[in-house]
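S.K.: Just passing along the structure, written as structure tokens.
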Amino acid sequence: MEAKTDSVTEAPPETAEMDMSQAESLNQGVDDLFIKVGQLDHKLNEIEQFYSSSTTKLPNTPRGGSLVKDKEREKFSASSFKKQQQDIASREAAAAQRMQELMRQFGTMLRQLTQHQWAGPFLQPVDVVGLGLHDYYEVIEKPMDFSTIKCRMEAKDGTGYKNVREICADVRLIFKNAMKYNEERDDVHVMAKTLLDKFETKWLQLLPKVDEEEERRKEEEAEMQLDVKLAQEAAHAKMVRELCFELDEVDTHIEELKDLVLQKCRKMTTEEKKRLGSAITRLSPEDINKALEIISQNDPTFQAAGDTVEVDIDAQSESTLWRLRFFVKDTLQLQMKSSTSTGGNNGDNNQNCNNKRKRDIPESLAKTAQKKSKKPPS
């Protein structure tokens, strides 16, 4: 009796080359997908960091503590970031110009003060060595004089005064230092007190303008901060929309890759079909409906309505079976993770829902697979 050997038919070179080309194309598609996912993950992290550090809610969600109206946000969403920066720079320049005018008026007041007949001792730094004031720096923590104030007012290296209140504080310091170091009956003390009174009188005349400018500046700064916030919100809202669109594209690409893989999948064995039918019985009612949707996608004549649905598992295409297998595997893994994190309560709830709903599709799948596995004796 001769033993029969199965002959192995080798694929034609053209078919082998085609399979190799398809495999390379598939690998390239997967590589491109990983790169795209990495880019999207970076965008997602940036968006999450912005919204986690802001009171702003994510788009398409209840705004809760949001401080701005939709119309205001829409206005800024149409504005370019460059124009926003130009507006801020223009406001800053105007505010700086107004402050310079206040400083000019303050400078005029100082010149009048320094021209007083008693201003001589305060025009230059105290000559501590020449006057033998050995304890001066022990008494006076921060020496000050008019020449030092003038130099700082004219400074162009960023060390100058930012506003007139800083100059006012140093002018007061000149006279208070003199009054602190010298006794009340000393001439320098009397001169300092007299000039301080004159300065305070002049300062009261300028103070309303200073208060007005400071209040205006606060309002402008608050408005600018709001403008920047709105521009950031608009930019990130746009990023969210773009990210959603790109995620949809990735989903489509994944489905295309799945289709390519499924076309190359081997034929599912009878035992694998039995395990698939058994696994479906462990799905929740919601996931069972999703499994039915997978079947109906490849079989337009399939009807999933009613409480009882019978499915011939052997009548399904290989791509449908593998789609079901991948779906069931992923879903059960998620159920297991959820059950572990919640102490197993989710699994009990799902089981109760299954018992309550009585959807017969899993049982039908399992029974059909079992029937097909029992072949009549030849």
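Residues in the structure tokens are named by chain (A, B, ... in the order shown) and by number from 1 within that chain; ligands are numbered from 1 in the order shown.
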Excluding stretch 126-141 of chain A and its own-chain neighbours fewer than 5 positions away, which residues fall within 12 Å of it when counting only C-alpha atoms? Please give them as a ChimeraX atom specification.
M.R.: /A:120-121,146-148,173-182,188
S.K.: Using DSSP on the backbone, list every residue of stretch 64-249 of chain A that comes out as helix (DSSP H, G or I), and give them as a ChimeraX atom specification.
M.R.: /A:70-77,81-114,120-122,136-139,146-153,164-181,187-249
S.K.: When distances are computed from only C-alpha atoms, which of A:Asp299, A:Glu318, A:Glu24, A:Glu166 shows the smallest separation from A:Glu272?
M.R.: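 Using only C-alpha atoms, A:Glu272 sits closest to A:Glu318.
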S.K.: Applying 9 Å and only C-alpha atoms, which residues near stretch 252-257 of chain A remain after dropping the ones on its own chain fewer than 3 positions away? List them as a list in words.
M.R.: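 Using only C-alpha atoms, the neighbours found are Leu26, Gly29, Val30, Leu33, Leu247, Asp248, Glu249, Leu260, Val261 and Leu262 of chain A.
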S.K.: Do you have the atom CA of A:Met191-atom CA of A:Trp118 distance handy?
M.R.: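 Atom-to-atom, atom CA of A:Met191 and atom CA of A:Trp118 are spaced 6.1 Å apart.
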S.K.: I'd like the neighbourhood of A:Lys202 as a list in words, where a residue qualifies if any of its atoms comes within 12 Å (using only C-alpha atoms), though same-chain residues fewer than 4 positions away should be ignored.
M.R.: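 The filter keeps Gln105, Phe106, Gly107, Thr108, Met109, Leu110, Arg111, Gln112, Leu113, Cys168, Leu195, Leu196, Asp197, Lys198, Leu206, Leu207 and Pro208 of chain A.
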S.K.: Of the candidates A:Leu226, A:Val240, A:Leu123, A:Leu204, which shows the shortest atom-to-atom distance to A:Ile88, using only C-alpha atoms?
M.R.: A:Leu226
